Structures are given as structure tokens and as C-alpha cells.
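Note sheet for the following structure.
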Amino acid sequence: MATTTLEPRAGTYRRSWVIEWLTTVDHKKIGILYIVNSFLFFFAAGILALVIRTELAVPGLQIVDQATYNQAFTMHGTIMLFLFIIPALSGFGNYIVPLMLGAPDMAFPRINALSFWLLPLGGLLIFSGYLFGGAAAEGWTGYAPLTGQEYGTTPGTDLWIIGLTLVGTASILGAVNFIATIFKMRAPGMTLFRMPIFVWTVLVTAVLILLATPVLAAGLIALFIDRNYGGSFFDPTVGGNPILWQHIFWFFGHPEVYIVILPAMGVVSEILPVFSRKPLFGYKAFVFATIAIGLLSFSVWAHHMFTTGEVFLPFFAFMTALIAVPTGVKMFNWLATLWRGKLMLATPMLFALGFVSMFLIGGLSGVMLSSPPIDFHVQDTYFVVAHLHYVFFGGSVFGVFAATYYWFPKMTGRKLNEPLGKVHFWIHFIGFNLAFFPMHQLGLDGMPRRISDYSPDAGWTLLNFVSTIGAFMVAVSIIPFLINVIATFINGEPAGDDPWEGNTLEWATTSPPPPYNFDRLPPIHSERPLFFLTHGHGHAAERPADLEETEEEDVEHRGGLV
Amino acid sequence: MLVLALAASGCLLPPDPATEAGQDVFNLYLLVLALAGIVFIGVEGFIIYAILRYRRQPGDDVLPEQLHGNNTVEIIWTAIPTVIVLILFTFSVITLGEVEARADEPGATIEVEGFQWQWIFRYEEGATVTGAIGDPPTLLVPVGEPVRLVLTSLDVNHAFYVPQFLIKRDLIPVGEHGVPNELEFTVTEEGTYSGQCAEFCGDSHADMTFIVEAMPRAAYDEAIAALAAGEEPPTGDGGECEVNVEIKAENLAFDIDSFEVPADTAFCIAFENLENVPHNVAIYSGGDALFTGDILDTAGSVVYEVPALPAGEYRFICDVHPQDMVGDVTATE
């Protein structure tokens, strides 16, 4: 165990506040840096979303020209995915995973700092295209050959490639760090099957990142060579194959969807039990479902390419539909966790329930899209836009907000204001549905995605207008959230160590935790060590027989951590 | 509000299908929507029930029963989605066979070429129609017969999409040795249907619209014959013109960026297209086209007879590539 070399206690060195945050290798400070950085990019990409929705509110080009519009949706998608959702969830992972495992830090603290600092650098490079004649404008998927030098002559596309490569590198480094931490840094007694589900989802996510992201990096480098050094990977006029890019991109891109959604599922699987005062129903089934989703995610990439005529449709249709099975198991386990519970509808729980109900819609539309004949109709229409926003926004982003409300007390020692949180949730939830539900119908009616304008005769005006109103409601809902965060930070209600009667180890230390995390650890006999501590053996998880024998030994070892 | 959003969204149905295969897709969609609807109502209904039924009352500190799981129910709810998925997959594959069916001898085979940012339709009978931004082309098809489209792209990816046919297929630049995509459908109802490019293809992606007009066989033959007759490329040596401007187009560019002509005098432009990409020359004053030359779809040459221009500054543009191919015209006294 790497538990003998604790970091120096706070106050050992006198450092300015700025230097401390710039040079920190403490996983908690890095986690907060990740989260704050992610929210800054969220606001930037959110403004781009409002530009898109304002342009589409009514027919005709009103506020931007076509080129600006194309840059806006390209940057919106790229930034939201690569610089908001993934890093935000990584940030919570960074902060919470070592605490949940009873570890003093991540396995490689300096690599941890490096993988964070690559993010703002990569993000600013991607955005800096705006200073050099226009940002990338080929869509976040950057399909060849539109990304070729002859079609996109701004340096924005090169900056997009370089920035994404850096962000991908950050992801890969972070994944290695998570895997090492989870396998090597667990406290005595914290066996794999006693790890919180959030840790399990972060582990599977890290493996997906490690296998998928290098493929994207390779594709980006090949594209860079095509654009700048006369390569011909993707250029059909000189023997390249533009479909190759789609294979490479989606071989990364589909596991990416699960990279984005699994940790959010983990967050929800922590919150639902705590606020239902019950254990997660079917812990092991949930673990196996997570692993199954991870495995299947590598066999479904070509369902993004049904209309290319270049892929074997029945195979990819079957594998894609099959993912609905482990996902369905998770859904049923969440519902069973609520069943006969005692539900406390605090803000984290509202966002978690919002996740379950909205992700369901994204999952159902995903199963519909897995059917090639249906996909032939709705592929590249607003139906797909609706689907992906119900997964990424209704799913992952609700998960990010649930995590924010849930762990804010741990991170700051102060509890976010509940009434303001509820105002945020309801405006957010209603606005989200107004913005994205009508898009299903727009897509079925045949409105293609990524168009800057549509004919007034197309019959799409009303639903687009409703959608724009919804988008602005989501933007407005951020105001009570920001007020809440700032006001709580300045003068919030003290939270105490364990404001929610949590189950997992992060609630066993102070809020915020000391730099070395724990003075002492409670014994770990189940996936709910804190519940065990409060409520005793009577309610503890049933332990599998093979884990029983190591238990005495575990308890003795815990002294070594102090 | 959610109900309002639902109501505003209509009934979540695609348009009435106008092709035989479209009807099959529509029927499959109804089945899938019904299955999804049952799951949706079941799950969301349970969540709402749980919220109403299992709220923790203030001061209630008694723990609920600590249920950890149950293998039997796990097996049951692994089986339920598996069965649903198998039903969906089976019907999808059956429908896929109908959608992908190919006639031995289609009633018409039409080559569809996409380029930034319009379409070219080439008929077997020799007629060719090329669209321009703001002037979408019409694809004529016979009704009640299988129509086969051969889909190629001259530059980037595009997608041929007619919502009422419930189908789309990508146009991919495949290079010399690639096999182009094909799409086949049988339109069941006479009428006009709007379509547009569905794969993002750059700046004017939204302008890449077209119209499909389905008509009975006799009318179709007549229309195509008329098109083919009207397609004779304009000829002439420009000998009657006073001023002869020469413009060549290659690599998506004109060879000159400006030319001068005397004011109030008709003149000729000898235009040569050196590549198999559609180009033309048009003369604009601000946004108004004063002269629009016929588009040359492939390499070739043409002489345009341009009416007299008053003294002033104008622009000449290729209507197909208005952003890249542009230059200045000066008419002097």
C-alpha cells in the first residue's frame, strides 16, 4: 500500500493562494479545478447553443451567417463533450474516488496535475480558431473529406485537431491514473465488490478511454498529415478513403458515449440509495451490467454509419439493440431501489430522478435508431439531435448537477441552498423538455440537423420556436444555480461531515477533508461502510462467503492508515 | 408543461409514406413506437408512483426494509428487454429486406450527383438537370415503377433525403475505383415531394434542396424527351460579338479576376470549363442577376451572348460556387 508516504500537512509551507492552486497535486484541489474549468467551458458552449437556437427560432437568417452558424454548432458540440461533460465527471472522479476508496490521493499525483492542465490549454487552442479567420466548422464529428484543406482553409480546423489531441492525451493519462488508483490504492477491507458503484463506473470508463481515445488520437494525427503534409488517408481524389475517418471516429465515438454516461450512472447509483435510505438493489447485477455495457460499446460503432451503404447492417443493428439489455437491467435496479424506500426529495435526488426519467427517453429513442430501416428515415435529422441531447443532457448533465449538489457540502463544508436548488431544477427540467422533446417530431418530419435555415413552408416553425424558448429557460435556470453557488460559498449553511447520511467513505472525514484525507477509517465490511457504522450489523449487506475469511485481517490492518 | 411540450410535438409520427418501402418502414415504426410507449409509460409511471407513495415523512427515522436484491427478478428483467430487443431486431431485418429489395429492371435509372451545394440529375435519355442555390432542381420519376438512383458525390459527403419516402442514402466521393451507392424506391402517389441534403457538407448545406415530381409513365416520357431536346448545348463562335472575353474555370477558380468591357454594348464571353465540375458565368449588380449563363455540368465550352451593360462596376460569379469563384467587371464609357 502507498499509504505510508502521506503528503505534508496543510500549513507546512507558506505559499500564496494562487501558487498553491497552480502547483497543487492534491487530488481534491485538482478535482475542483477540473469542475470549475468544466463549468466555464459549459457557459461558453451554452452561449453558442443560444446562438444556434436563436438563429433557428424562425425561418430566415437573422443573427449569423452560414459560416458563423457552422462554427457555432461545431464548437458547441466539441466543447460540451470534450471540455465540459467528460472533464466535469473526471473532476468528480478525481475528488471522490480516492475518498471512496479510503486512499490518501490518486496513484500518480503529478500526472494528475498534468492531465488537468492540458485541458484548458487544449480548450483554448480549439477556441482560438476564432482569432485566426474562424473556428473549425465541420461539425464535432469532422467528417472527411470536408475537413480537407481544399474545403476548409482556416487554421481553425488545425487548431481543433491539435486541441483535441491534447484533450485526448489528458483523458488517456487520467484513465491510467484512475485504473492504477482503483487497483492499487484501496484501503484494507475495500475489496472490488465492496467498491461504491461510482468507483466501478469510473473504472470501466477509464478502461474505455484507454482503449478508444488513442484511436481518435491516431485519426486526428492522420488528418493533420492529410491537411498539412500532403497525406492521403482520407482524400478520395488521391486514393484515400473518407469512410475510413468515419470508422476511426466512431470506433472512438461510440465508446465515448458510454465514457460520458457511465460515471453519471454511477453518481445516480450513489444518490438514489442514500435518498431512499435503502441499499442499491442488485449491486452485483449493476456491476456486471456496467462491464457488459463497456464490452458491447466496442461492437456498435457502425450504427452511426447505416446510411453510408458501407457496413453490414444486421450485425451492428443487433449489437446496438443488445446494449438495451444491460441498460434495462440498470433501469429496473434503480426503480427497485426506490420501491418501498423512504424518499427524500432534496435537490441531488431531484436531479438523480431527472436523470432516470430523461435518460429513459434517450435510451428508448436509441433503441428505435438501432433499427436500420427507421434509421434510414431519421438519421442526420433532429430526431438524432433529440436523442443525443436526452442522453448527454438529460443523462450526463443531470448527473453532473446531481453530483454538484450532492458533493458540494463535502468539497466546501457548506450546503447549497435547497429552495434555490429546487427552483434551478424545475426551470432546468421544464426548459430541457421544451427545448429537446419537440426535436423528435421535427426529425420525424424530416428536418435535417446542422442546417442554418429552413423554409417557412416546411411546417417546422412552431416547434423550432418552442424549442428556442426551452433553450432560453435552461439558460435562465443557470442563474439561480450560480447565485446559489456564490452565496453558499460566501455565507452558506455549514454542512457538517455527513449531511445526507451517506453510505460511502467520503462522508467519514471532515468537510472539506484534510489534505491527507482521513485521520482514521471505519471498518469496511460492505459497499456501505458508513451505513454499517451508524446502523450496525443488523442492516449490513450480506457478505459473500469468500469474502468473510479475510475480514479479521482487514480490520487489523486499518490502523496502518493513520 | 411537459404535457404541453408533448402536445406541441404532435403525435410522434413520420409523414404519410409516399413509397412502397416507406409504408413498410412506417409500419415497423408504429410497432417500435408502441413497444417504446409501453416501456415509457411503465417506467415513468412507476417513478411518479414511487415519488408519491414512498415520500419520507418529516421526523420519520425508521429505516425501510433493507432489500439488497433478488436473483429471480434480475433474471426476469434481463429477459424482458432481451425479448423486446429480439422482436425489434427480427422485424427490423424483415423490413430491411423490403427496403433494400432491388428490381431486375427498374423503370428508370437516374444518376444523382451531389456537389457543394446543389444537385445534378442525369437521365438515361440524355437529359441533365443542374440545380443552383435558390433554384432547386426537380427530379422527375415515373409513379408506380421502381426507380433506381445511382448516387455519387463530386466533392464531399452528401445525403439524398426525401422525408416522405422515409429513406435517405449518403453520396460519398469514392474515387476512381469505388462503387457508388444506390437507392431504389417505388413512388405510389403522384405529386411533388421536397427533399434536401441530410449530411452536413459545408457553408450552404441548408440550401441544398430539391424537388421530386412523380408522374404517370406517359407524362414522364414526354417530360424527359422535352428536357433532352432542350438540352442541346448552345453553340456559336462569337463572331457576331464586338468584344470577346475569354474565361476559363479550373480547380474551382476562374483564371481571371477581372475584365473590362465598353458600356452599352452587347458582348460575348467565351467560357471554357476545364473540369468535370459544374460551372457557369453570371453577371450581378449587387444581388440582382443581369445575366445568367447556362451551367456547364462537365468539361466543355460555350459562348454566352451578354446584353449591354450601363457604365459601372459589376461582379461575375459562378452560380454553383458563388463564394469561391467571383471577379470584377467594369463597363467603361
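As shown in the C-alpha cells, the chain order sets the letters A, B, ...; within each chain, residues go from 1, and ligands are also counted from 1 in the order they appear.
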
Review point. For chain B against chain A, which residues fall within 7 Å using only C-alpha atoms, given as JSON, numbers by chain?
Key: {"B": [1, 2, 5, 8, 9, 10, 12, 13, 14, 15, 25, 29, 32, 36, 44, 50, 51, 54, 55, 56, 63, 64, 66, 67, 68, 69, 70, 77, 78, 81, 82, 85, 89, 92, 93, 95, 96, 156, 163, 166, 167, 168, 169, 170, 173, 174, 175, 181, 198, 199, 200, 201, 202, 203, 204, 205, 206]}

Exercise for review: List every residue of range 235-436 of chain A that DSSP, applied to the backbone of this structure, places in alpha helix (DSSP H), and write the result as a PyMOL selection string.
Suggested key: chain A and resi 242-276+283-296+313-322+324-338+347-369+372-378+382-391+398-412+418-436

Review point. For Pro419 in chain A, which of A:Phe398, A:Trp160, A:Phe481, A:Phe249 is the closest residue, counting only C-alpha atoms?
Key: A:Phe481

Review point. Restricting the calculation to only C-alpha atoms, which member of B:Pro310, B:Gly42, B:Gly22, B:Gly59 is positioned closest to Ala266 in chain B?
Key: B:Pro310

Exercise for review: Tell me, as a PyMOL selection string, which residues lie within 10 Å of range 241-256 of chain B, counting only C-alpha atoms; anything in the same chain fewer than 2 positions away does not count.
Suggested key: (chain A and resi 150) or (chain B and resi 237-239+258-262+265-281+299+301+303-306+316-318+320-321+324-328)

For the residues in the current selection, export C-alpha atoms as an mmCIF file, in the first residue's frame.
data_model
loop_
_atom_site.group_PDB
_atom_site.id
_atom_site.type_symbol
_atom_site.label_atom_id
_atom_site.label_comp_id
_atom_site.auth_asym_id
_atom_site.auth_seq_id
_atom_site.Cartn_x
_atom_site.Cartn_y
_atom_site.Cartn_z
ATOM 1 C CA GLU A 150 -9.388 22.326 -50.173
ATOM 2 C CA ASP B 237 -18.181 31.092 -82.372
ATOM 3 C CA GLY B 238 -18.781 34.562 -81.039
ATOM 4 C CA GLY B 239 -18.110 36.017 -84.457
ATOM 5 C CA SER B 258 -11.480 40.989 -63.549
ATOM 6 C CA PHE B 259 -12.257 42.167 -67.077
ATOM 7 C CA GLU B 260 -13.350 45.350 -68.785
ATOM 8 C CA VAL B 261 -15.990 45.880 -71.455
ATOM 9 C CA PRO B 262 -17.348 49.001 -73.200
ATOM 10 C CA THR B 265 -22.586 47.378 -75.909
ATOM 11 C CA ALA B 266 -23.640 43.738 -76.071
ATOM 12 C CA PHE B 267 -20.641 41.414 -75.845
ATOM 13 C CA CYS B 268 -19.734 37.740 -75.730
ATOM 14 C CA ILE B 269 -17.951 35.589 -73.184
ATOM 15 C CA ALA B 270 -16.180 32.510 -74.446
ATOM 16 C CA PHE B 271 -16.339 30.268 -71.387
ATOM 17 C CA GLU B 272 -14.392 27.082 -71.085
ATOM 18 C CA ASN B 273 -14.921 24.611 -68.228
ATOM 19 C CA LEU B 274 -11.756 22.540 -67.811
ATOM 20 C CA GLU B 275 -13.034 20.110 -65.183
ATOM 21 C CA ASN B 276 -15.948 17.790 -64.566
ATOM 22 C CA VAL B 277 -17.492 20.096 -62.023
ATOM 23 C CA PRO B 278 -20.461 22.279 -62.953
ATOM 24 C CA HIS B 279 -19.668 25.943 -63.549
ATOM 25 C CA ASN B 280 -21.142 28.953 -65.302
ATOM 26 C CA VAL B 281 -20.635 32.688 -65.544
ATOM 27 C CA ALA B 299 -15.798 19.934 -69.105
ATOM 28 C CA SER B 301 -17.041 25.274 -73.740
ATOM 29 C CA VAL B 303 -20.198 31.235 -75.836
ATOM 30 C CA TYR B 304 -22.508 33.446 -73.827
ATOM 31 C CA GLU B 305 -24.142 36.418 -75.523
ATOM 32 C CA VAL B 306 -24.380 39.080 -72.869
ATOM 33 C CA PHE B 316 -19.082 37.971 -62.354
ATOM 34 C CA ILE B 317 -19.782 34.814 -60.422
ATOM 35 C CA CYS B 318 -20.134 31.098 -60.890
ATOM 36 C CA VAL B 320 -22.602 26.987 -58.456
ATOM 37 C CA HIS B 321 -19.678 28.244 -56.369
ATOM 38 C CA ASP B 324 -15.043 30.875 -54.336
ATOM 39 C CA MET B 325 -15.495 31.881 -57.959
ATOM 40 C CA VAL B 326 -16.034 35.606 -58.218
ATOM 41 C CA GLY B 327 -14.430 38.539 -60.033
ATOM 42 C CA ASP B 328 -14.987 42.155 -61.090
#

Review point. Between B:Leu309, B:Ala225, B:Val147, B:Ala214, which is the closest to Glu105 in chain B once you count only C-alpha atoms?
Key: B:Val147

Residue neighbourhood Glu111 in chain B, 8 Å, only C-alpha atoms, exclusion window fewer than 3 positions, as a PDB file with C-alpha atoms, in the first residue's frame:
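The resulting file, out_24.pdb, is shown below:
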ATOM      1  CA  ILE B 120     -27.252  17.182 -60.846  1.00  0.00           C
ATOM      2  CA  PHE B 121     -29.779  14.666 -62.170  1.00  0.00           C
ATOM      3  CA  ARG B 122     -28.742  12.742 -65.294  1.00  0.00           C
ATOM      4  CA  TYR B 123     -31.381  10.692 -67.084  1.00  0.00           C
ATOM      5  CA  LEU B 149     -30.801   6.252 -58.192  1.00  0.00           C
ATOM      6  CA  VAL B 150     -27.038   5.932 -58.585  1.00  0.00           C
ATOM      7  CA  LEU B 151     -25.553   8.283 -56.030  1.00  0.00           C
ATOM      8  CA  THR B 152     -22.135   9.890 -56.409  1.00  0.00           C
TER       9      THR B 152
END

Can you tell me which residues surround range 43-60 of chain A at a distance of at most 6 Å, considering only C-alpha atoms, apart from same-chain residues fewer than 3 positions away, and format the answer as a compact mmCIF listing (two decimals) with N, CA and C atoms, in the first residue's frame?
# COMPACT_ATOMS: atom_id res chain seq x y z
N LEU A 40 -16.82 26.61 -16.71
CA LEU A 40 -16.52 27.78 -17.55
C LEU A 40 -16.73 27.43 -19.03
N ALA A 72 -20.46 27.72 -34.93
CA ALA A 72 -21.13 27.69 -33.62
C ALA A 72 -21.51 26.26 -33.25
N HIS A 76 -19.90 24.16 -30.27
CA HIS A 76 -20.84 23.76 -29.22
C HIS A 76 -20.67 22.28 -28.89
N ASP A 453 -30.86 27.24 -41.69
CA ASP A 453 -32.11 27.89 -42.05
C ASP A 453 -33.07 26.84 -42.60
N TYR A 454 -34.35 27.17 -42.59
CA TYR A 454 -35.34 26.26 -43.17
C TYR A 454 -36.45 27.09 -43.78
N PRO A 456 -40.03 28.60 -44.63
CA PRO A 456 -41.27 28.82 -43.86
C PRO A 456 -42.38 27.86 -44.27
N THR A 461 -41.78 25.68 -38.18
CA THR A 461 -41.55 26.93 -37.46
C THR A 461 -41.99 26.86 -36.00
N ASN A 464 -39.77 24.68 -33.73
CA ASN A 464 -38.47 25.32 -33.54
C ASN A 464 -38.57 26.48 -32.55
N PHE A 465 -39.66 27.22 -32.64
CA PHE A 465 -39.83 28.36 -31.75
C PHE A 465 -39.98 27.87 -30.30
N THR A 468 -36.65 26.90 -28.97
CA THR A 468 -35.81 28.04 -28.61
C THR A 468 -36.21 28.60 -27.25

Review point. Between CA of Ser477 in chain A and CA of Ile427 in chain A, what is the distance, to one decimal in Å?
Key: 5.4 Å

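Minimum atom-to-atom distance to Tyr314 in chain B, evaluated using only C-alpha atoms, belongs to B:Ile283 out of B:Ile283, B:Ala223, B:Leu296, B:Ala218.
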